[in-house]
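S.K.: File structure10.cif follows (mmCIF, C-alpha atoms (C1' of nucleotides)):
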data_target
#
loop_
_atom_site.label_atom_id
_atom_site.label_comp_id
_atom_site.auth_asym_id
_atom_site.auth_seq_id
_atom_site.Cartn_x
_atom_site.Cartn_y
_atom_site.Cartn_z
CA MET A 1 -0.07 9.28 -4.56
CA GLN A 2 -0.73 9.96 -8.20
CA ARG A 3 2.21 7.71 -9.05
CA GLN A 4 2.24 5.16 -6.25
CA GLY A 5 -1.24 5.17 -4.85
CA TYR A 6 -2.38 5.64 -1.27
CA GLU A 7 -0.79 2.77 0.62
CA ALA A 8 2.61 2.87 -1.04
CA THR A 9 3.01 6.56 -0.24
CA GLY A 10 4.30 7.14 3.28
CA ILE A 11 3.80 10.29 5.30
CA LYS A 12 7.49 10.35 6.08
CA GLN A 13 8.25 10.14 2.36
CA ILE A 14 5.94 13.09 1.76
CA SER A 15 7.51 15.19 4.51
CA GLN A 16 11.01 14.45 3.22
CA GLN A 17 10.21 15.21 -0.41
CA ALA A 18 8.51 18.43 0.65
CA ASN A 19 11.43 19.44 2.91
CA VAL A 20 9.04 19.75 5.79
CA ALA A 21 9.11 18.40 9.32
CA LEU A 22 6.99 15.34 10.00
CA SER A 23 5.42 17.18 12.94
CA SER A 24 4.29 19.91 10.57
CA VAL A 25 2.36 17.42 8.47
CA TYR A 26 0.49 16.30 11.56
CA HIS A 27 0.06 19.91 12.63
CA PHE A 28 -1.77 20.84 9.43
CA PHE A 29 -3.50 17.47 8.99
CA PRO A 30 -4.32 16.45 12.58
CA SER A 31 -6.40 13.49 11.48
CA GLY A 32 -3.39 11.98 9.76
CA LYS A 33 -2.92 10.25 6.47
CA GLN A 34 -6.57 9.93 5.50
CA GLU A 35 -7.17 13.65 5.88
CA LEU A 36 -4.00 14.44 3.92
CA ALA A 37 -5.01 12.07 1.13
CA THR A 38 -8.51 13.52 0.97
CA GLU A 39 -7.11 17.02 0.59
CA ALA A 40 -4.62 15.74 -1.98
CA VAL A 41 -7.48 14.35 -4.05
CA ARG A 42 -9.33 17.66 -3.79
CA HIS A 43 -6.19 19.52 -4.84
CA ALA A 44 -5.65 17.18 -7.78
CA ASP A 45 -9.28 17.75 -8.72
CA GLN A 46 -8.65 21.48 -9.20
CA GLU A 47 -5.31 20.99 -10.89
CA PHE A 48 -6.62 18.49 -13.41
CA ALA A 49 -9.67 20.68 -14.04
CA ASP A 50 -7.36 23.55 -14.96
CA ILE A 51 -5.51 21.35 -17.43
CA MET A 52 -8.74 20.18 -19.02
CA ARG A 53 -10.28 23.63 -19.13
CA GLU A 54 -7.26 25.00 -20.93
CA ALA A 55 -7.09 22.10 -23.39
CA LEU A 56 -10.82 22.34 -24.15
CA ALA A 57 -10.44 26.05 -24.88
CA THR A 58 -7.86 25.56 -27.62
CA GLU A 59 -10.51 24.34 -30.07
CA ALA A 60 -13.84 26.00 -30.70
CA ASP A 61 -15.49 22.84 -31.94
CA PRO A 62 -16.27 20.47 -29.03
CA ALA A 63 -15.46 17.36 -31.05
CA GLU A 64 -12.07 18.72 -32.05
CA ALA A 65 -11.51 19.81 -28.47
CA MET A 66 -11.64 16.18 -27.34
CA ILE A 67 -8.69 15.39 -29.57
CA ALA A 68 -6.85 18.35 -28.11
CA VAL A 69 -7.46 17.04 -24.61
CA THR A 70 -6.10 13.60 -25.42
CA GLN A 71 -3.02 15.19 -26.96
CA VAL A 72 -2.35 17.22 -23.85
CA LEU A 73 -2.80 14.17 -21.63
CA ALA A 74 -0.49 12.16 -23.86
CA GLU A 75 2.13 14.89 -23.52
CA TYR A 76 1.98 14.89 -19.74
CA LEU A 77 2.23 11.12 -19.72
CA HIS A 78 5.13 10.97 -22.13
CA ASN A 79 7.07 13.78 -20.47
CA SER A 80 6.86 12.01 -17.11
CA ASP A 81 8.10 8.69 -18.49
CA TRP A 82 4.53 7.34 -18.39
CA LEU A 83 4.22 7.95 -14.66
CA ASP A 84 1.78 10.86 -14.37
CA GLY A 85 -1.61 9.59 -15.45
CA CYS A 86 -4.87 10.63 -13.85
CA PRO A 87 -3.87 12.05 -10.47
CA ILE A 88 -6.62 10.37 -8.46
CA THR A 89 -7.39 7.02 -10.11
CA ALA A 90 -4.88 4.94 -8.20
CA THR A 91 -5.82 6.44 -4.85
CA ALA A 92 -9.54 6.24 -5.59
CA LEU A 93 -9.43 2.60 -6.61
CA GLU A 94 -7.49 1.20 -3.70
CA THR A 95 -9.51 3.10 -1.11
CA ALA A 96 -12.92 2.48 -2.70
CA GLY A 97 -15.24 0.95 -0.13
CA ARG A 98 -12.67 1.34 2.65
CA ILE A 99 -12.07 5.04 3.21
CA LEU A 100 -15.27 6.91 2.54
CA ASP A 101 -13.85 10.45 2.67
CA ILE A 102 -11.43 9.74 -0.13
CA GLN A 103 -14.05 7.94 -2.17
CA ARG A 104 -16.39 10.90 -1.82
CA ALA A 105 -13.70 13.38 -2.83
CA ALA A 106 -12.89 11.25 -5.87
CA ALA A 107 -16.54 11.06 -6.87
CA GLU A 108 -16.79 14.82 -6.62
CA ALA A 109 -13.73 15.22 -8.82
CA PHE A 110 -15.21 13.07 -11.57
CA GLU A 111 -18.43 15.04 -11.30
CA HIS A 112 -16.49 18.28 -11.57
CA TRP A 113 -14.63 17.17 -14.70
CA ARG A 114 -17.84 15.93 -16.28
CA ALA A 115 -19.35 19.35 -15.74
CA LEU A 116 -16.48 20.93 -17.69
CA VAL A 117 -17.08 18.63 -20.64
CA ALA A 118 -20.83 19.18 -20.50
CA GLU A 119 -20.27 22.92 -20.50
CA LYS A 120 -18.23 22.63 -23.68
CA LEU A 121 -20.86 20.43 -25.33
CA ARG A 122 -23.53 23.05 -24.69
CA HIS A 123 -22.08 25.07 -27.57
CA THR A 124 -23.83 22.61 -29.86
CA ASP A 125 -27.46 21.78 -30.57
CA ILE A 126 -27.23 18.41 -28.82
CA ALA A 127 -30.08 17.71 -26.42
CA GLU A 128 -29.31 18.26 -22.75
CA ASP A 129 -29.88 14.62 -21.80
CA ASP A 130 -27.48 13.46 -24.47
CA ILE A 131 -24.93 16.03 -23.32
CA LEU A 132 -24.95 14.66 -19.78
CA ASP A 133 -24.56 11.11 -21.06
CA LEU A 134 -21.75 12.15 -23.38
CA ALA A 135 -19.93 13.88 -20.56
CA HIS A 136 -19.98 10.61 -18.64
CA THR A 137 -18.48 8.62 -21.47
CA VAL A 138 -15.94 11.29 -22.39
CA ILE A 139 -14.44 11.31 -18.90
CA ASN A 140 -14.66 7.54 -18.51
CA THR A 141 -13.04 6.85 -21.86
CA LEU A 142 -10.29 9.34 -21.08
CA GLU A 143 -9.70 7.58 -17.77
CA GLY A 144 -9.54 4.17 -19.39
CA ALA A 145 -7.34 5.34 -22.24
CA GLU A 146 -4.96 7.03 -19.84
CA LEU A 147 -4.71 3.83 -17.84
CA ALA A 148 -4.01 1.80 -20.98
CA ALA A 149 -1.48 4.32 -22.21
CA GLN A 150 0.33 4.23 -18.91
CA VAL A 151 0.46 0.46 -18.69
CA SER A 152 1.51 -0.02 -22.32
CA LYS A 153 3.81 3.03 -22.33
CA SER A 154 2.24 4.23 -25.55
CA ALA A 155 0.19 7.26 -26.58
CA GLU A 156 -1.87 5.19 -28.99
CA PRO A 157 -4.83 4.45 -26.68
CA LEU A 158 -5.24 8.18 -26.04
CA GLU A 159 -5.01 9.07 -29.72
CA ILE A 160 -7.65 6.50 -30.62
CA ALA A 161 -9.84 7.65 -27.76
CA GLY A 162 -9.70 11.23 -29.03
CA ARG A 163 -10.79 10.26 -32.52
CA HIS A 164 -13.58 8.01 -31.25
CA LEU A 165 -14.92 10.58 -28.81
CA ALA A 166 -15.01 13.19 -31.58
CA ARG A 167 -16.86 10.73 -33.80
CA LEU A 168 -19.32 9.86 -31.05
CA ILE A 169 -20.07 13.51 -30.35
CA ASN A 170 -20.53 14.28 -34.04
CA SER A 171 -22.98 11.40 -34.34
CA TYR A 172 -25.35 13.38 -32.12
CA ARG A 173 -25.64 16.38 -34.43
CA MET B 174 -5.64 -7.22 -4.69
CA GLN B 175 -8.65 -6.64 -6.89
CA ARG B 176 -10.30 -4.84 -3.99
CA GLN B 177 -7.41 -3.31 -2.09
CA GLY B 178 -4.57 -3.08 -4.57
CA TYR B 179 -1.06 -4.39 -4.30
CA GLU B 180 0.40 -2.58 -1.30
CA ALA B 181 -2.62 -2.83 0.95
CA THR B 182 -2.81 -6.58 0.49
CA GLY B 183 -0.46 -8.45 2.82
CA ILE B 184 0.92 -11.91 2.23
CA LYS B 185 -0.12 -12.89 5.73
CA GLN B 186 -3.64 -11.70 4.98
CA ILE B 187 -3.67 -13.83 1.85
CA SER B 188 -2.42 -16.92 3.66
CA GLN B 189 -4.99 -16.49 6.40
CA GLN B 190 -7.92 -15.93 4.05
CA ALA B 191 -6.82 -18.95 2.03
CA ASN B 192 -6.43 -21.12 5.13
CA VAL B 193 -2.89 -21.86 4.12
CA ALA B 194 0.40 -21.67 5.98
CA LEU B 195 2.55 -18.65 5.33
CA SER B 196 5.44 -20.98 4.56
CA SER B 197 3.39 -22.56 1.81
CA VAL B 198 2.95 -19.25 0.08
CA TYR B 199 6.71 -18.81 0.01
CA HIS B 200 7.13 -22.41 -1.03
CA PHE B 201 5.05 -21.97 -4.16
CA PHE B 202 6.09 -18.38 -4.81
CA PRO B 203 9.78 -18.35 -3.82
CA SER B 204 10.36 -14.87 -5.16
CA GLY B 205 7.78 -13.49 -2.77
CA LYS B 206 5.02 -10.96 -3.13
CA GLN B 207 5.92 -9.68 -6.58
CA GLU B 208 5.81 -13.14 -8.08
CA LEU B 209 2.52 -13.88 -6.35
CA ALA B 210 1.01 -10.63 -7.60
CA THR B 211 2.22 -11.27 -11.14
CA GLU B 212 0.57 -14.68 -11.14
CA ALA B 213 -2.55 -13.17 -9.60
CA VAL B 214 -2.77 -10.71 -12.49
CA ARG B 215 -2.33 -13.53 -14.99
CA HIS B 216 -5.04 -15.54 -13.24
CA ALA B 217 -7.39 -12.56 -13.23
CA ASP B 218 -6.64 -12.10 -16.90
CA GLN B 219 -8.05 -15.56 -17.68
CA GLU B 220 -10.96 -15.23 -15.28
CA PHE B 221 -12.06 -11.87 -16.66
CA ALA B 222 -11.63 -13.15 -20.22
CA ASP B 223 -14.04 -15.99 -19.44
CA ILE B 224 -16.62 -13.53 -18.13
CA MET B 225 -16.29 -11.36 -21.21
CA ARG B 226 -16.34 -14.25 -23.64
CA GLU B 227 -19.55 -15.55 -22.12
CA ALA B 228 -21.19 -12.13 -22.08
CA LEU B 229 -20.20 -11.41 -25.66
CA ALA B 230 -21.71 -14.72 -26.76
CA THR B 231 -25.18 -13.91 -25.44
CA GLU B 232 -25.87 -11.54 -28.34
CA ALA B 233 -25.19 -12.27 -31.98
CA ASP B 234 -24.91 -8.61 -32.93
CA PRO B 235 -21.59 -7.13 -31.75
CA ALA B 236 -23.10 -3.77 -30.88
CA GLU B 237 -25.79 -5.39 -28.75
CA ALA B 238 -23.14 -7.60 -27.19
CA MET B 239 -21.41 -4.53 -25.75
CA ILE B 240 -24.54 -3.67 -23.83
CA ALA B 241 -24.70 -7.23 -22.56
CA VAL B 242 -21.13 -6.97 -21.31
CA THR B 243 -21.81 -3.77 -19.41
CA GLN B 244 -24.87 -5.37 -17.84
CA VAL B 245 -22.85 -8.33 -16.64
CA LEU B 246 -20.13 -6.07 -15.23
CA ALA B 247 -22.75 -3.96 -13.49
CA GLU B 248 -24.17 -7.11 -11.92
CA TYR B 249 -20.82 -8.23 -10.56
CA LEU B 250 -20.21 -4.77 -9.20
CA HIS B 251 -23.59 -4.43 -7.56
CA ASN B 252 -23.58 -7.94 -6.08
CA SER B 253 -20.25 -7.28 -4.41
CA ASP B 254 -21.37 -3.99 -2.87
CA TRP B 255 -19.41 -2.09 -5.52
CA LEU B 256 -16.14 -3.74 -4.51
CA ASP B 257 -15.33 -6.06 -7.42
CA GLY B 258 -14.44 -3.91 -10.38
CA CYS B 259 -11.79 -4.75 -12.91
CA PRO B 260 -9.56 -7.30 -11.16
CA ILE B 261 -6.24 -5.81 -12.24
CA THR B 262 -6.69 -2.04 -12.54
CA ALA B 263 -5.77 -1.15 -8.98
CA THR B 264 -2.73 -3.39 -8.95
CA ALA B 265 -1.63 -2.27 -12.41
CA LEU B 266 -1.88 1.41 -11.59
CA GLU B 267 0.03 1.46 -8.35
CA THR B 268 2.84 -0.72 -9.66
CA ALA B 269 3.14 1.00 -13.06
CA GLY B 270 6.71 2.08 -13.60
CA ARG B 271 7.88 0.40 -10.39
CA ILE B 272 7.40 -3.36 -10.79
CA LEU B 273 7.93 -4.30 -14.40
CA ASP B 274 6.72 -7.92 -14.18
CA ILE B 275 3.31 -6.85 -12.96
CA GLN B 276 3.07 -4.05 -15.48
CA ARG B 277 3.90 -6.47 -18.29
CA ALA B 278 1.32 -8.99 -17.10
CA ALA B 279 -1.29 -6.23 -16.94
CA ALA B 280 -0.44 -5.04 -20.45
CA GLU B 281 -0.83 -8.60 -21.72
CA ALA B 282 -4.22 -8.89 -20.03
CA PHE B 283 -5.51 -5.76 -21.72
CA GLU B 284 -4.18 -7.06 -25.03
CA HIS B 285 -5.92 -10.37 -24.43
CA TRP B 286 -9.26 -8.74 -23.70
CA ARG B 287 -8.94 -6.48 -26.74
CA ALA B 288 -8.42 -9.56 -28.89
CA LEU B 289 -11.73 -10.98 -27.63
CA VAL B 290 -13.58 -7.82 -28.61
CA ALA B 291 -11.84 -7.68 -31.99
CA GLU B 292 -12.81 -11.29 -32.61
CA LYS B 293 -16.45 -10.42 -32.02
CA LEU B 294 -16.26 -7.37 -34.28
CA ARG B 295 -14.97 -9.49 -37.15
CA HIS B 296 -18.51 -10.77 -37.61
CA THR B 297 -19.23 -7.45 -39.29
CA ASP B 298 -18.04 -5.77 -42.46
CA ILE B 299 -15.98 -3.21 -40.56
CA ALA B 300 -12.47 -2.72 -41.88
CA GLU B 301 -9.74 -4.50 -39.94
CA ASP B 302 -7.95 -1.28 -38.96
CA ASP B 303 -11.17 0.14 -37.57
CA ILE B 304 -11.81 -3.08 -35.68
CA LEU B 305 -8.47 -2.89 -33.89
CA ASP B 306 -9.08 0.74 -32.98
CA LEU B 307 -12.58 -0.06 -31.76
CA ALA B 308 -11.28 -2.88 -29.61
CA HIS B 309 -8.99 -0.40 -27.89
CA THR B 310 -11.76 2.04 -27.10
CA VAL B 311 -14.22 -0.66 -26.07
CA ILE B 312 -11.88 -2.02 -23.41
CA ASN B 313 -10.73 1.42 -22.29
CA THR B 314 -14.25 2.78 -22.01
CA LEU B 315 -15.30 -0.31 -20.06
CA GLU B 316 -12.36 0.22 -17.71
CA GLY B 317 -13.20 3.86 -17.17
CA ALA B 318 -16.90 3.21 -16.74
CA GLU B 319 -16.24 0.46 -14.24
CA LEU B 320 -14.00 2.78 -12.26
CA ALA B 321 -16.66 5.50 -12.27
CA ALA B 322 -19.37 3.03 -11.31
CA GLN B 323 -17.32 1.77 -8.42
CA VAL B 324 -16.47 5.21 -7.07
CA SER B 325 -20.00 6.55 -7.45
CA LYS B 326 -21.65 3.29 -6.39
CA SER B 327 -23.96 3.43 -9.38
CA ALA B 328 -24.48 1.33 -12.47
CA GLU B 329 -25.26 4.38 -14.57
CA PRO B 330 -21.76 4.92 -16.02
CA LEU B 331 -21.72 1.33 -17.26
CA GLU B 332 -25.18 1.58 -18.78
CA ILE B 333 -24.26 4.75 -20.63
CA ALA B 334 -21.00 3.21 -21.76
CA GLY B 335 -22.83 0.24 -23.22
CA ARG B 336 -25.17 2.43 -25.25
CA HIS B 337 -22.37 4.66 -26.49
CA LEU B 338 -20.12 1.78 -27.48
CA ALA B 339 -22.97 0.20 -29.44
CA ARG B 340 -23.60 3.52 -31.16
CA LEU B 341 -19.92 3.97 -31.97
CA ILE B 342 -19.67 0.49 -33.47
CA ASN B 343 -22.80 0.98 -35.53
CA SER B 344 -21.39 4.21 -36.90
CA TYR B 345 -18.77 2.14 -38.69
CA ARG B 346 -21.22 0.10 -40.77
"C1'" DG C 347 8.99 -50.91 8.07
"C1'" DC C 348 11.97 -47.67 6.42
"C1'" DA C 349 13.87 -44.01 3.88
"C1'" DT C 350 13.07 -39.96 0.62
"C1'" DG C 351 11.08 -36.45 -1.10
"C1'" DC C 352 7.67 -32.41 -0.60
"C1'" DC C 353 5.01 -29.56 2.37
"C1'" DT C 354 3.72 -27.18 6.84
"C1'" DG C 355 3.79 -24.99 11.67
"C1'" DG C 356 5.64 -21.54 14.23
"C1'" DA C 357 8.94 -18.51 15.72
"C1'" DA C 358 12.07 -14.90 14.62
"C1'" DC C 359 14.36 -11.15 11.88
"C1'" DG C 360 15.14 -6.19 10.65
"C1'" DA C 361 12.83 -2.56 8.57
"C1'" DA C 362 9.23 0.49 7.79
"C1'" DC C 363 4.78 2.05 8.87
"C1'" DG C 364 1.41 5.74 11.19
"C1'" DT C 365 1.17 8.12 15.16
"C1'" DT C 366 2.29 10.58 19.54
"C1'" DC C 367 4.74 13.48 22.58
"C1'" DC C 368 7.32 17.34 24.25
"C1'" DA C 369 11.03 20.53 24.51
"C1'" DA C 370 12.87 24.09 21.73
"C1'" DC C 371 12.16 27.70 18.64
"C1'" DC C 372 10.74 31.89 16.41
"C1'" DA C 373 7.76 35.24 14.77
"C1'" DG C 374 4.67 38.72 16.41
"C1'" DT C 375 2.66 42.18 19.96
"C1'" DA C 376 2.74 44.93 24.10
"C1'" DT D 377 12.30 43.05 27.39
"C1'" DA D 378 8.78 39.77 28.30
"C1'" DC D 379 5.15 37.10 26.74
"C1'" DT D 380 2.31 34.37 23.70
"C1'" DG D 381 0.85 31.85 19.67
"C1'" DG D 382 1.83 28.87 16.22
"C1'" DT D 383 5.42 25.84 14.23
"C1'" DT D 384 9.40 22.59 14.23
"C1'" DG D 385 13.17 18.99 15.53
"C1'" DG D 386 13.83 14.65 17.06
"C1'" DA D 387 13.11 10.69 19.58
"C1'" DA D 388 10.03 7.10 20.77
"C1'" DC D 389 5.76 4.19 20.69
"C1'" DG D 390 3.53 -0.19 19.26
"C1'" DT D 391 2.24 -2.56 15.13
"C1'" DT D 392 2.67 -4.59 10.90
"C1'" DC D 393 5.22 -5.53 6.92
"C1'" DG D 394 7.97 -9.00 3.79
"C1'" DT D 395 11.06 -12.41 4.42
"C1'" DT D 396 13.89 -16.24 6.41
"C1'" DC D 397 14.86 -20.33 8.87
"C1'" DC D 398 14.32 -24.97 10.48
"C1'" DA D 399 12.37 -28.80 12.89
"C1'" DG D 400 8.64 -31.66 12.29
"C1'" DG D 401 4.83 -33.96 9.62
"C1'" DC D 402 3.23 -36.77 6.07
"C1'" DA D 403 2.57 -39.05 2.22
"C1'" DT D 404 4.77 -42.07 -1.54
"C1'" DG D 405 8.25 -45.25 -3.20
"C1'" DC D 406 11.12 -49.43 -2.23
#
Output the file's structure in the form of structure tokens.
M.R.:
Amino acid sequence: MQRQGYEATGIKQISQQANVALSSVYHFFPSGKQELATEAVRHADQEFADIMREALATEADPAEAMIAVTQVLAEYLHNSDWLDGCPITATALETAGRILDIQRAAAEAFEHWRALVAEKLRHTDIAEDDILDLAHTVINTLEGAELAAQVSKSAEPLEIAGRHLARLINSYR
Amino acid sequence: MQRQGYEATGIKQISQQANVALSSVYHFFPSGKQELATEAVRHADQEFADIMREALATEADPAEAMIAVTQVLAEYLHNSDWLDGCPITATALETAGRILDIQRAAAEAFEHWRALVAEKLRHTDIAEDDILDLAHTVINTLEGAELAAQVSKSAEPLEIAGRHLARLINSYR
DNA sequence: GCATGCCTGGAACGAACGTTCCAACCAGTA
DNA sequence: TACTGGTTGGAACGTTCGTTCCAGGCATGC
């Protein structure tokens, strides 16, 4: 779903790629595809949070840490032939306004990731209100840059985003 | 496709909603769905460019103009019950790496929109290299903020993005 | 009025979709 | 050994998908 989105990903395709019986999928996700997708988004939430947490920890300075994050994301993207961008964006977008469970799970994921960034920014003397705003823009700019990088098959949007986010953060202290 | 993405949007659904015979769709788009989607992306490219051009023109100062753009985007989003975000993101993401024509059309759209922003920024004394970088981040942050606004059904991400983009631009002069 | 294009209506195709069902299976425990 | 719970294999359901085909309509040109 990260690569193809919700609709293009079939349950049979999932069961085959996982070497698992189709019945088993319906055994563990009785409500079908929507339940599976919701859990997939929640799983991707945790997985992506781990990646970000680790990348943020490599640099003590929050501004520098942003650059580290964009570098890690660029690596993942490049190593997967520009296929593995944000794990939930595609699914979130095409189900927005149609499948509320998935939309809610996606909203919670963004909130979760924002909290990680905010946590990192609290090691500065930036005011709490500004920190919360910055966390918004950091995640949103990363999302947009990852999308652009994927579509253009280039790491440049992510590199630029890293530098600009660092500059924006530094402008608050 | 703006609302549902590529896979979830059927050709029959399109022909019905357009009050047009299914045969007519295949008459004008002989190569089928992929060709139709590619043209749809190109059309959305122009349409979105018009919206941005108009919004950018409402404010003489480029930094202020960014806030105007986010306000306009927030309006569109709110008026459509948070359904009409960026017209190509969903389609671009789920076809990335799978349908090259669509991916190319999407990349050209982003390039087109960046050029509009760069054009506006040339009314300042910012160095050309910085202008091109800023255009990248402006579009990418708008994309990310629009996604977040749509998923969270709130205009807040766009409002914050507008303020931060203005601040970032002003930091260059 | 008649012929020559382009366009449409409607039916049909095979394939894939999500989902359901049930018999068979295979741990465990007693 | 017998039983019981959870898990699987495989076939089948109806529906929808993208696509194809062709006879008919309907203007425009002579």
S.K.: Distance cut-off 9 Å, centre (-22.8, -1.4, -41.3) in file coordinates, counting all atoms listed in the file: which residues qualify? Return them as a ChimeraX atom specification.
M.R.: /B:297-299,342-346
S.K.: Which residues are close to DA362 in chain C, i.e. within 10 Å by only C-alpha atoms (C1' of nucleotides), leaving aside same-chain residues fewer than 6 positions away? Reply as a short mmCIF file (atom, residue, chain, number, x, y, z; two decimals) with C-alpha atoms (C1' of nucleotides), keeping the file's coordinate frame.
M.R.:
data_model
loop_
_atom_site.label_atom_id
_atom_site.label_comp_id
_atom_site.auth_asym_id
_atom_site.auth_seq_id
_atom_site.Cartn_x
_atom_site.Cartn_y
_atom_site.Cartn_z
CA GLY A 10 4.30 7.14 3.28
"C1'" DT D 392 2.67 -4.59 10.90
"C1'" DC D 393 5.22 -5.53 6.92
#
S.K.: Can you tell me, as a list of chain:residue names, what residues are no more than 10 Å from Arg277 in chain B when counting all atoms listed in the file, ignoring any on the same chain fewer than 2 positions away?
M.R.: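 Answer for this query is A:Val151, A:Ser152, B:Thr211, B:Val214, B:Arg215, B:Ala265, B:Ala269, B:Ile272, B:Leu273, B:Asp274, B:Ile275, B:Ala279, B:Ala280, B:Glu281, B:Ala282.
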S.K.: Within 10 Å of Gly144 in chain A, counting all atoms listed in the file, which residues qualify if same-chain residues fewer than 4 places away don't, as an mmCIF file with C-alpha atoms, keeping the file's coordinate frame?
M.R.:
data_model
loop_
_atom_site.group_PDB
_atom_site.id
_atom_site.type_symbol
_atom_site.label_atom_id
_atom_site.label_comp_id
_atom_site.auth_asym_id
_atom_site.auth_seq_id
_atom_site.Cartn_x
_atom_site.Cartn_y
_atom_site.Cartn_z
ATOM 1 C CA CYS A 86 -4.870 10.630 -13.850
ATOM 2 C CA THR A 89 -7.390 7.020 -10.110
ATOM 3 C CA ILE A 139 -14.440 11.310 -18.900
ATOM 4 C CA ASN A 140 -14.660 7.540 -18.510
ATOM 5 C CA ALA A 148 -4.010 1.800 -20.980
ATOM 6 C CA ALA A 149 -1.480 4.320 -22.210
ATOM 7 C CA GLN A 150 0.330 4.230 -18.910
ATOM 8 C CA PRO A 157 -4.830 4.450 -26.680
ATOM 9 C CA LEU A 158 -5.240 8.180 -26.040
ATOM 10 C CA ALA A 161 -9.840 7.650 -27.760
ATOM 11 C CA THR B 262 -6.690 -2.040 -12.540
ATOM 12 C CA HIS B 309 -8.990 -0.400 -27.890
ATOM 13 C CA THR B 310 -11.760 2.040 -27.100
ATOM 14 C CA VAL B 311 -14.220 -0.660 -26.070
ATOM 15 C CA ILE B 312 -11.880 -2.020 -23.410
ATOM 16 C CA ASN B 313 -10.730 1.420 -22.290
ATOM 17 C CA THR B 314 -14.250 2.780 -22.010
ATOM 18 C CA LEU B 315 -15.300 -0.310 -20.060
ATOM 19 C CA GLU B 316 -12.360 0.220 -17.710
ATOM 20 C CA GLY B 317 -13.200 3.860 -17.170
ATOM 21 C CA ALA B 318 -16.900 3.210 -16.740
ATOM 22 C CA GLU B 319 -16.240 0.460 -14.240
ATOM 23 C CA LEU B 320 -14.000 2.780 -12.260
#
S.K.: Might you spell out which residues the PyMOL selection byres ((chain D) within 12 of (chain B)) would select in the displayed file, as a PyMOL selection string?
M.R.: chain D and resi 392-398
S.K.: For C-alpha atoms (C1' of nucleotides), I'd like the residues from the last selection saved as a CSV table (one decimal), keeping the file's coordinate frame.
M.R.:
chain,number,residue,atom,x,y,z
D,392,DT,C1',2.7,-4.6,10.9
D,393,DC,C1',5.2,-5.5,6.9
D,394,DG,C1',8.0,-9.0,3.8
D,395,DT,C1',11.1,-12.4,4.4
D,396,DT,C1',13.9,-16.2,6.4
D,397,DC,C1',14.9,-20.3,8.9
D,398,DC,C1',14.3,-25.0,10.5
S.K.: For chain C, which residue out of B:Ala230, B:Val198, B:Leu209, B:Ala247 is the nearest one, using all atoms listed in the file?
M.R.: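 Selected residue with least distance to chain C: B:Val198.
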S.K.: Distance limit 9 Å, atoms considered: all atoms listed in the file. Which chain B residues sit that close to chain C? Return them as an MDAnalysis selection string.
M.R.: chainID B and resid 193:197 200
S.K.: Can you measure CA of Asp84 in chain A to CA of Gln103 in chain A for me? One decimal in Å is fine.
M.R.: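 Atom-to-atom, CA of Asp84 in chain A to CA of Gln103 in chain A, that is 20.2 Å.
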S.K.: Apply the PyMOL selection byres ((chain B and resi 264) around 8) to the file shown and report the selected residues as a PyMOL selection string.
M.R.: chain B and resi 174-175+178-179+261-263+265-268
S.K.: Tell me, in Å to one decimal, how far C1' of DA387 in chain D is from CA of Ala181 in chain B.
M.R.: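 Separating C1' of DA387 in chain D from CA of Ala181 in chain B is a distance of 27.9 Å.
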S.K.: Find the residues around Leu121 in chain A up to 7 Å (all atoms listed in the file counted), leave out those fewer than 4 positions away in its own chain, and share them as an MDAnalysis selection string.
M.R.: chainID A and resid 62 117 131
S.K.: Where does the PyMOL selection byres ((chain A and resi 166) around 8) land in this file, that is, which residues does it pick, as a list of chain:residue names?
M.R.: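 On the file shown, the PyMOL selection byres ((chain A and resi 166) around 8) covers A:Pro62, A:Ala63, A:Glu64, A:Met66, A:Ile67, A:Gly162, A:Arg163, A:His164, A:Leu165, A:Arg167, A:Leu168, A:Ile169, A:Asn170.
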S.K.: Using the selection just defined, write its residues with C-alpha atoms as an mmCIF file, keeping the file's coordinate frame.
M.R.:
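Saved as part-v1.cif:
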data_model
loop_
_atom_site.group_PDB
_atom_site.id
_atom_site.type_symbol
_atom_site.label_atom_id
_atom_site.label_comp_id
_atom_site.auth_asym_id
_atom_site.auth_seq_id
_atom_site.Cartn_x
_atom_site.Cartn_y
_atom_site.Cartn_z
ATOM 1 C CA PRO A 62 -16.270 20.470 -29.030
ATOM 2 C CA ALA A 63 -15.460 17.360 -31.050
ATOM 3 C CA GLU A 64 -12.070 18.720 -32.050
ATOM 4 C CA MET A 66 -11.640 16.180 -27.340
ATOM 5 C CA ILE A 67 -8.690 15.390 -29.570
ATOM 6 C CA GLY A 162 -9.700 11.230 -29.030
ATOM 7 C CA ARG A 163 -10.790 10.260 -32.520
ATOM 8 C CA HIS A 164 -13.580 8.010 -31.250
ATOM 9 C CA LEU A 165 -14.920 10.580 -28.810
ATOM 10 C CA ARG A 167 -16.860 10.730 -33.800
ATOM 11 C CA LEU A 168 -19.320 9.860 -31.050
ATOM 12 C CA ILE A 169 -20.070 13.510 -30.350
ATOM 13 C CA ASN A 170 -20.530 14.280 -34.040
#
